[in-house]
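A.B. asks: Dumping the structure here so I can ask a few things about it.
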Amino acid sequence: MTFSKNSVKLKNMKSMKRFLSILLILLLFVSCSQSDGLGYTFKTDISDNPKNLDPQLATDIYSKNIIKNTFRGLLKLTETGAAVPDCAESFEMSPDSLVYTFTLFPDIYWMSQSGYEANLTAYDFEYAFKRIFDTSNASPYADELICIKNAAEIIQGIKSPDELAVKALSDTVLEITLEYPYWNFTELLTETYTMPCNETFFKSTKGRYGLHFETTCSNGYFYISDWNYDPYWNNNYLTLIKNPLNVTNSPVAPYSVKYNIRDVNESIALEAGESDLYIADNYNEKLFSRATYKQFQTKTYGISANEASVDEGIFKQIYNAVLACDLGELPTQLQRGYGIIPPAVTLTGKSFREMSGDNVFYNSALKNITELTDEEKQQNAEAAGDIRLTVSDDFPAVNKLYDLADYLLKNLGITIFIESVSKAEYDLIVAENRYDLLMTELSPAENSPESFFEVFALNGRSSAIAEGMVEAAFKASTLGEAVKLYSQAETAILQNAWFIPLCYGCEYLVYDRSLDGIIFIPFSDEIIFKDVKRF
């Protein structure tokens with residue numbers, strides 16, 4: 001590989017620039033008034049130690065969250081799911097949608113606590129992409145980039161990683177060629193595994209890259225200054241400091257971010273001023289004096305059936321009746337839903353639900369509703385017997401299920417007993433398959449339709465037709481084609497998966513109301529601190 005002379009460490013000039021940048025930051029920090037919101041050290045809690053801060057290897061949410069604050073990719077996600085430039089100042093796509101050419105900002109720098117500094121170049125991206133396909137690195141992400149030219153042959157062992165069609169044309173120009181047009185390629189370039197890697201620094205760590213603050217080098221707006229973790233210690237933390245070299249093309253508001261690694265009641269910590277923000281499954285504003293929130297509908301709640309316990313004909317009647325039932329007013333964190341995929345799932349920054357529609361399933365259920373005679377209701381009662389609907393007591397609308405049971409008894413003659421149990425008992429019942437109907441939560445960690453479909457596939461409740469549509473959608477050349485295929489797959493699954501959608505649920509970013517500028521990426525639970533200010 002050819003290395004640019006601009007990547008070589010220029011000690012005198014860089015050290016002087018770093019000194020002046022740090023001096024400027026300190027002067028600004030001292031001189032800024034409290035009302036400008038700048039220079040604050042933010043505090044948040046994570047319940048487990050990050051496993052690996054190597055972007056090409058990291059899989060846990062804590063590692064990825066920190067990587068998103070310490071590395072910059074070609075593109076980045078907005079809160080609405082749109083991919084926009086990050087290290088790439090601009091990019092162009094060829095008329096056949098196969099060749100992407102990225103022009104990088106020339107003034108982005110690598111920095112580490114150990115003192116390493118270098119220009120970011122297009123060669124760093126080329127090296128990172130090829131690391132993913134080098135089997136000696138054991139990256140789990142090669143299949144995610146199958147759309148890149150030669151990727152499939154490399155995975156099969158027919159070609160070498162050096163033949164991957166990702167090439168640095170100069171220090172600031174990167175070219176990526178695809179095997180076929182892919183509608184979602186730009187979003188792939190926001191993932192942590194497509195972040196760059198400086199080959200010189202990587203090789204200097206001798207297998208310890210990303211495992212210690214001194215063996216992690218950042219090209220982002222922060223670098224890791226300290227990382228203390230001992231499972232037998234009660235003062236574990238990881239600290240990020242603003243990278244003074246990377247503020248030229250985009251200012252950074254905080255001075256630092258401290259992640260306390262501990263298992264703590266996060267709401268109490270926020271109210272006590274020990275933390276500034278946290279992610280939650282529910283939120284009751286009456287319990288807080290200093291907090292506010294953002295909410296995103298990332299979950300789907302529905303009723304699953306045990307095929308061994310519930311008659312198929314009875315279940316189809318229940319399916320239609322549940323979708324047709326008016327549940328009335330729901331708790332604020334829930335919204336009536338009729339599909340598998342919740343509103344927060346986006347494709348190229350647009351809501352899948354808005355593009356595909358949500359009422360198609362409701363309208364279909366209405367067409368299949370018939371008014372039963374007393375005799376038919378009696379036949380249903382005999383065929384169904386007593387059916388239990390098991391629900392965890394932390395489901396936010398347990399009382400609505402009793403209303404639903406009354407509705408089914410009145411309209412179908414079917415008796416449903418609501419069994420509300422603790423979360424621990426619920427998990428045991430599910431593991432032992434001891435239920436008739438089950439209130440199920442779908443909450444994958446990825447912002448994609450296929451992540452929800454995979455839940456059904458893992459439980460053997462999908463269908464070959466649906467899986468074929470999902471695979472075709474993943475390789476679709478246009479967004480419209482992908483939406484159509486995903487919608488068809490959703491319909492096919494609902495027709496065959498023994499699952500009744502009920503409502504969509506939220507996750508929350510809860511934060512001190514004095515904060516502004518927080519970017520929260522739902523599903524992956526990434527909190528981006530670059531623009532956060534405290535007033």
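For the structure tokens, the naming scheme is as follows: chains receive sequential letters (A, B, ...) according to their order of presentation, residues are indexed from 1 within each chain, and ligands are indexed from 1 in presentation order.
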Quick one: everything within 10 Å of Ala58 in chain A, counting only C-alpha atoms, minus sequence neighbours fewer than 5 positions away in the same chain. Send it as JSON, numbers by chain.

C.D. replies: {"A": [50, 51, 52, 53, 63, 64, 67, 139, 140, 141, 192, 193, 210]}

A.B. asks: For the selection just defined, write its residues with N, CA and C atoms to a file, as an mmCIF file, in the first residue's frame.

C.D. replies:
```
data_model
loop_
_atom_site.group_PDB
_atom_site.id
_atom_site.type_symbol
_atom_site.label_atom_id
_atom_site.label_comp_id
_atom_site.auth_asym_id
_atom_site.auth_seq_id
_atom_site.Cartn_x
_atom_site.Cartn_y
_atom_site.Cartn_z
ATOM 1 N N PRO A 50 -17.269 -1.195 28.005
ATOM 2 C CA PRO A 50 -17.152 -1.415 26.562
ATOM 3 C C PRO A 50 -16.183 -2.572 26.286
ATOM 4 N N LYS A 51 -16.563 -3.442 25.357
ATOM 5 C CA LYS A 51 -15.754 -4.647 25.111
ATOM 6 C C LYS A 51 -14.559 -4.370 24.208
ATOM 7 N N ASN A 52 -14.748 -3.501 23.199
ATOM 8 C CA ASN A 52 -13.692 -3.294 22.216
ATOM 9 C C ASN A 52 -14.002 -2.017 21.445
ATOM 10 N N LEU A 53 -13.070 -1.079 21.413
ATOM 11 C CA LEU A 53 -13.283 0.177 20.704
ATOM 12 C C LEU A 53 -12.637 0.178 19.326
ATOM 13 N N SER A 63 -19.693 0.055 23.370
ATOM 14 C CA SER A 63 -18.534 0.325 22.515
ATOM 15 C C SER A 63 -18.936 1.185 21.327
ATOM 16 N N LYS A 64 -20.047 0.828 20.686
ATOM 17 C CA LYS A 64 -20.469 1.577 19.504
ATOM 18 C C LYS A 64 -20.823 3.022 19.843
ATOM 19 N N ILE A 67 -17.560 4.815 20.182
ATOM 20 C CA ILE A 67 -16.936 4.938 18.861
ATOM 21 C C ILE A 67 -17.580 6.071 18.061
ATOM 22 N N SER A 139 -13.479 -9.901 11.758
ATOM 23 C CA SER A 139 -14.573 -8.935 11.797
ATOM 24 C C SER A 139 -15.883 -9.631 11.450
ATOM 25 N N PRO A 140 -16.959 -9.332 12.167
ATOM 26 C CA PRO A 140 -18.245 -9.981 11.879
ATOM 27 C C PRO A 140 -19.063 -9.265 10.805
ATOM 28 N N TYR A 141 -18.473 -8.284 10.124
ATOM 29 C CA TYR A 141 -19.282 -7.389 9.294
ATOM 30 C C TYR A 141 -19.109 -7.559 7.789
ATOM 31 N N THR A 192 -20.542 1.931 12.429
ATOM 32 C CA THR A 192 -19.230 2.008 13.080
ATOM 33 C C THR A 192 -18.168 1.208 12.336
ATOM 34 N N TYR A 193 -18.550 0.077 11.743
ATOM 35 C CA TYR A 193 -17.539 -0.766 11.105
ATOM 36 C C TYR A 193 -16.964 -0.144 9.834
ATOM 37 N N GLY A 210 -7.775 -0.727 20.390
ATOM 38 C CA GLY A 210 -9.141 -0.572 20.879
ATOM 39 C C GLY A 210 -9.422 -1.178 22.232
#
```

A.B. asks: Neighbouring residues of Ala324 in chain A were defined as those with any atom within 12 Å, considering only C-alpha atoms; residues of the same chain fewer than 2 positions away were excluded. Please report them as a PyMOL selection string.

C.D. replies: chain A and resi 317-322+326-328+336-338+359-370+404+407-408+411+500-502

A.B. asks: Which residues of range 387-444 of chain A come within 7 Å of range 286-301 of chain A, and what is each one's closest atom pair and distance in Å (one decimal), counting only C-alpha atoms, sorted by chain and residue number, as a Markdown table?

C.D. replies:
```
| residue | atom | partner | partner_atom | distance |
| --- | --- | --- | --- | --- |
| A:Met439 | CA | A:Tyr301 | CA | 7.0 |
| A:Thr440 | CA | A:Tyr301 | CA | 5.6 |
| A:Glu441 | CA | A:Tyr301 | CA | 4.6 |
| A:Leu442 | CA | A:Thr300 | CA | 5.1 |
| A:Ser443 | CA | A:Lys299 | CA | 4.8 |
```

A.B. asks: What would the file look like if the residues just selected were written as an mmCIF file, in the first residue's frame with N, CA, C and O atoms?

C.D. replies:
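The resulting file, again-v8.cif, is reproduced below:
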```cif
data_model
loop_
_atom_site.group_PDB
_atom_site.id
_atom_site.type_symbol
_atom_site.label_atom_id
_atom_site.label_comp_id
_atom_site.auth_asym_id
_atom_site.auth_seq_id
_atom_site.Cartn_x
_atom_site.Cartn_y
_atom_site.Cartn_z
ATOM 1 N N MET A 439 -48.311 -11.767 25.331
ATOM 2 C CA MET A 439 -48.057 -10.382 24.960
ATOM 3 C C MET A 439 -46.568 -10.237 24.693
ATOM 4 O O MET A 439 -45.738 -10.417 25.592
ATOM 5 N N THR A 440 -46.206 -9.934 23.455
ATOM 6 C CA THR A 440 -44.818 -9.962 23.003
ATOM 7 C C THR A 440 -44.329 -8.570 22.650
ATOM 8 O O THR A 440 -45.055 -7.779 22.052
ATOM 9 N N GLU A 441 -43.087 -8.284 23.006
ATOM 10 C CA GLU A 441 -42.451 -7.018 22.639
ATOM 11 C C GLU A 441 -41.379 -7.275 21.589
ATOM 12 O O GLU A 441 -40.493 -8.103 21.792
ATOM 13 N N LEU A 442 -41.460 -6.568 20.470
ATOM 14 C CA LEU A 442 -40.434 -6.633 19.431
ATOM 15 C C LEU A 442 -39.624 -5.343 19.508
ATOM 16 O O LEU A 442 -40.159 -4.257 19.280
ATOM 17 N N SER A 443 -38.348 -5.450 19.846
ATOM 18 C CA SER A 443 -37.518 -4.240 19.956
ATOM 19 C C SER A 443 -36.080 -4.542 19.537
ATOM 20 O O SER A 443 -35.173 -4.540 20.366
#
```

A.B. asks: Select from range 166-212 of chain A everything DSSP, run on the backbone, classes as strand (DSSP E), then give the selection as a list of chain:residue names.

C.D. replies: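 Of range 166-212 of chain A, only A:Val166, A:Lys167, A:Ala168, A:Val173, A:Leu174, A:Glu175, A:Ile176, A:Thr177 fall in strand (DSSP E).
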
A.B. asks: Taking only C-alpha atoms into account, name the residue in A:Gln113, A:Ser392, A:Ser267, A:Ser451 that is nearest to Val510 in chain A.

C.D. replies: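 The shortest atom-to-atom distance to Val510 in chain A comes from A:Ser267.
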
A.B. asks: Could you give me, as a count of residues only, the residues within 12 Å of Ser351 in chain A, counting only C-alpha atoms and dropping anything in the same chain fewer than 3 positions from it?

C.D. replies: 24

A.B. asks: For Trp233 in chain A, which residue among A:Asn119, A:Glu419, A:Ile261, A:Tyr62 is the nearest when counting only C-alpha atoms?

C.D. replies: A:Ile261

A.B. asks: Mind listing the helix (DSSP H, G or I) residues of range 351-423 of chain A, per DSSP on the backbone, as number ranges by chain?

C.D. replies: A: 352-356, 360-367, 374-384, 398-412, 423

A.B. asks: Please dump the current selection as a short mmCIF file (atom, residue, chain, number, x, y, z; two decimals), in the first residue's frame; keep N, CA and C atoms.

C.D. replies:
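Output below, filename again.cif:
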```cif
data_model
loop_
_atom_site.label_atom_id
_atom_site.label_comp_id
_atom_site.auth_asym_id
_atom_site.auth_seq_id
_atom_site.Cartn_x
_atom_site.Cartn_y
_atom_site.Cartn_z
N PHE A 352 -40.78 4.40 7.35
CA PHE A 352 -41.32 3.28 6.58
C PHE A 352 -42.84 3.24 6.67
N ARG A 353 -43.37 3.49 7.86
CA ARG A 353 -44.82 3.44 8.05
C ARG A 353 -45.53 4.48 7.18
N GLU A 354 -44.95 5.66 7.07
CA GLU A 354 -45.58 6.70 6.26
C GLU A 354 -45.54 6.33 4.78
N MET A 355 -44.47 5.65 4.36
CA MET A 355 -44.35 5.28 2.95
C MET A 355 -45.20 4.07 2.59
N SER A 356 -45.34 3.13 3.53
CA SER A 356 -46.02 1.87 3.21
C SER A 356 -47.48 1.87 3.62
N VAL A 360 -53.70 -0.81 6.09
CA VAL A 360 -54.03 -1.92 5.19
C VAL A 360 -54.43 -3.16 5.97
N PHE A 361 -53.76 -3.41 7.10
CA PHE A 361 -54.06 -4.60 7.90
C PHE A 361 -55.39 -4.42 8.64
N TYR A 362 -55.62 -3.21 9.12
CA TYR A 362 -56.89 -2.90 9.80
C TYR A 362 -58.06 -3.08 8.83
N ASN A 363 -57.93 -2.53 7.63
CA ASN A 363 -59.01 -2.64 6.63
C ASN A 363 -59.25 -4.10 6.23
N SER A 364 -58.17 -4.86 6.13
CA SER A 364 -58.30 -6.27 5.79
C SER A 364 -59.04 -7.03 6.88
N ALA A 365 -58.74 -6.69 8.15
CA ALA A 365 -59.41 -7.35 9.27
C ALA A 365 -60.90 -7.02 9.27
N LEU A 366 -61.23 -5.75 8.97
CA LEU A 366 -62.63 -5.35 8.94
C LEU A 366 -63.43 -6.15 7.92
N LYS A 367 -62.80 -6.43 6.78
CA LYS A 367 -63.48 -7.18 5.72
C LYS A 367 -63.81 -8.61 6.17
N ASP A 374 -75.64 -16.51 18.35
CA ASP A 374 -75.37 -17.08 19.66
C ASP A 374 -74.88 -18.52 19.53
N GLU A 375 -75.44 -19.23 18.55
CA GLU A 375 -75.02 -20.62 18.35
C GLU A 375 -73.56 -20.68 17.90
N GLU A 376 -73.15 -19.78 17.00
CA GLU A 376 -71.76 -19.76 16.54
C GLU A 376 -70.81 -19.37 17.67
N LYS A 377 -71.25 -18.46 18.52
CA LYS A 377 -70.42 -18.09 19.68
C LYS A 377 -70.25 -19.28 20.62
N GLN A 378 -71.32 -20.06 20.80
CA GLN A 378 -71.24 -21.24 21.65
C GLN A 378 -70.28 -22.26 21.05
N GLN A 379 -70.31 -22.41 19.75
CA GLN A 379 -69.38 -23.33 19.08
C GLN A 379 -67.94 -22.86 19.27
N ASN A 380 -67.72 -21.55 19.17
CA ASN A 380 -66.38 -21.00 19.42
C ASN A 380 -65.92 -21.29 20.84
N ALA A 381 -66.82 -21.10 21.80
CA ALA A 381 -66.49 -21.33 23.20
C ALA A 381 -66.06 -22.76 23.43
N GLU A 382 -66.76 -23.69 22.82
CA GLU A 382 -66.43 -25.11 22.97
C GLU A 382 -65.11 -25.45 22.27
N ALA A 383 -64.89 -24.86 21.08
CA ALA A 383 -63.67 -25.16 20.33
C ALA A 383 -62.44 -24.54 20.98
N ALA A 384 -62.61 -23.34 21.56
CA ALA A 384 -61.47 -22.62 22.12
C ALA A 384 -61.12 -23.06 23.53
N VAL A 398 -51.72 -3.00 30.75
CA VAL A 398 -52.30 -4.29 31.13
C VAL A 398 -53.82 -4.18 31.26
N ASN A 399 -54.30 -3.04 31.77
CA ASN A 399 -55.75 -2.88 31.96
C ASN A 399 -56.51 -2.94 30.63
N LYS A 400 -55.87 -2.52 29.55
CA LYS A 400 -56.52 -2.57 28.24
C LYS A 400 -56.76 -4.01 27.77
N LEU A 401 -55.94 -4.92 28.26
CA LEU A 401 -56.10 -6.32 27.86
C LEU A 401 -57.37 -6.92 28.47
N TYR A 402 -57.75 -6.46 29.65
CA TYR A 402 -59.00 -6.91 30.25
C TYR A 402 -60.19 -6.41 29.42
N ASP A 403 -60.09 -5.16 28.93
CA ASP A 403 -61.13 -4.63 28.04
C ASP A 403 -61.20 -5.45 26.75
N LEU A 404 -60.03 -5.82 26.26
CA LEU A 404 -59.97 -6.61 25.03
C LEU A 404 -60.60 -7.99 25.24
N ALA A 405 -60.35 -8.58 26.40
CA ALA A 405 -60.93 -9.88 26.71
C ALA A 405 -62.45 -9.80 26.74
N ASP A 406 -62.98 -8.72 27.33
CA ASP A 406 -64.44 -8.53 27.35
C ASP A 406 -64.99 -8.41 25.93
N TYR A 407 -64.26 -7.70 25.08
CA TYR A 407 -64.68 -7.51 23.68
C TYR A 407 -64.74 -8.85 22.94
N LEU A 408 -63.71 -9.70 23.15
CA LEU A 408 -63.67 -10.99 22.47
C LEU A 408 -64.78 -11.92 22.97
N LEU A 409 -65.07 -11.87 24.26
CA LEU A 409 -66.15 -12.70 24.81
C LEU A 409 -67.49 -12.25 24.23
N LYS A 410 -67.71 -10.96 24.17
CA LYS A 410 -68.98 -10.43 23.68
C LYS A 410 -69.18 -10.70 22.20
N ASN A 411 -68.14 -10.58 21.39
CA ASN A 411 -68.29 -10.65 19.94
C ASN A 411 -67.97 -12.02 19.35
N LEU A 412 -67.14 -12.81 20.06
CA LEU A 412 -66.76 -14.12 19.53
C LEU A 412 -67.20 -15.28 20.41
N LYS A 423 -41.69 -9.95 35.47
CA LYS A 423 -40.82 -10.11 34.30
C LYS A 423 -40.03 -11.41 34.37
#
```
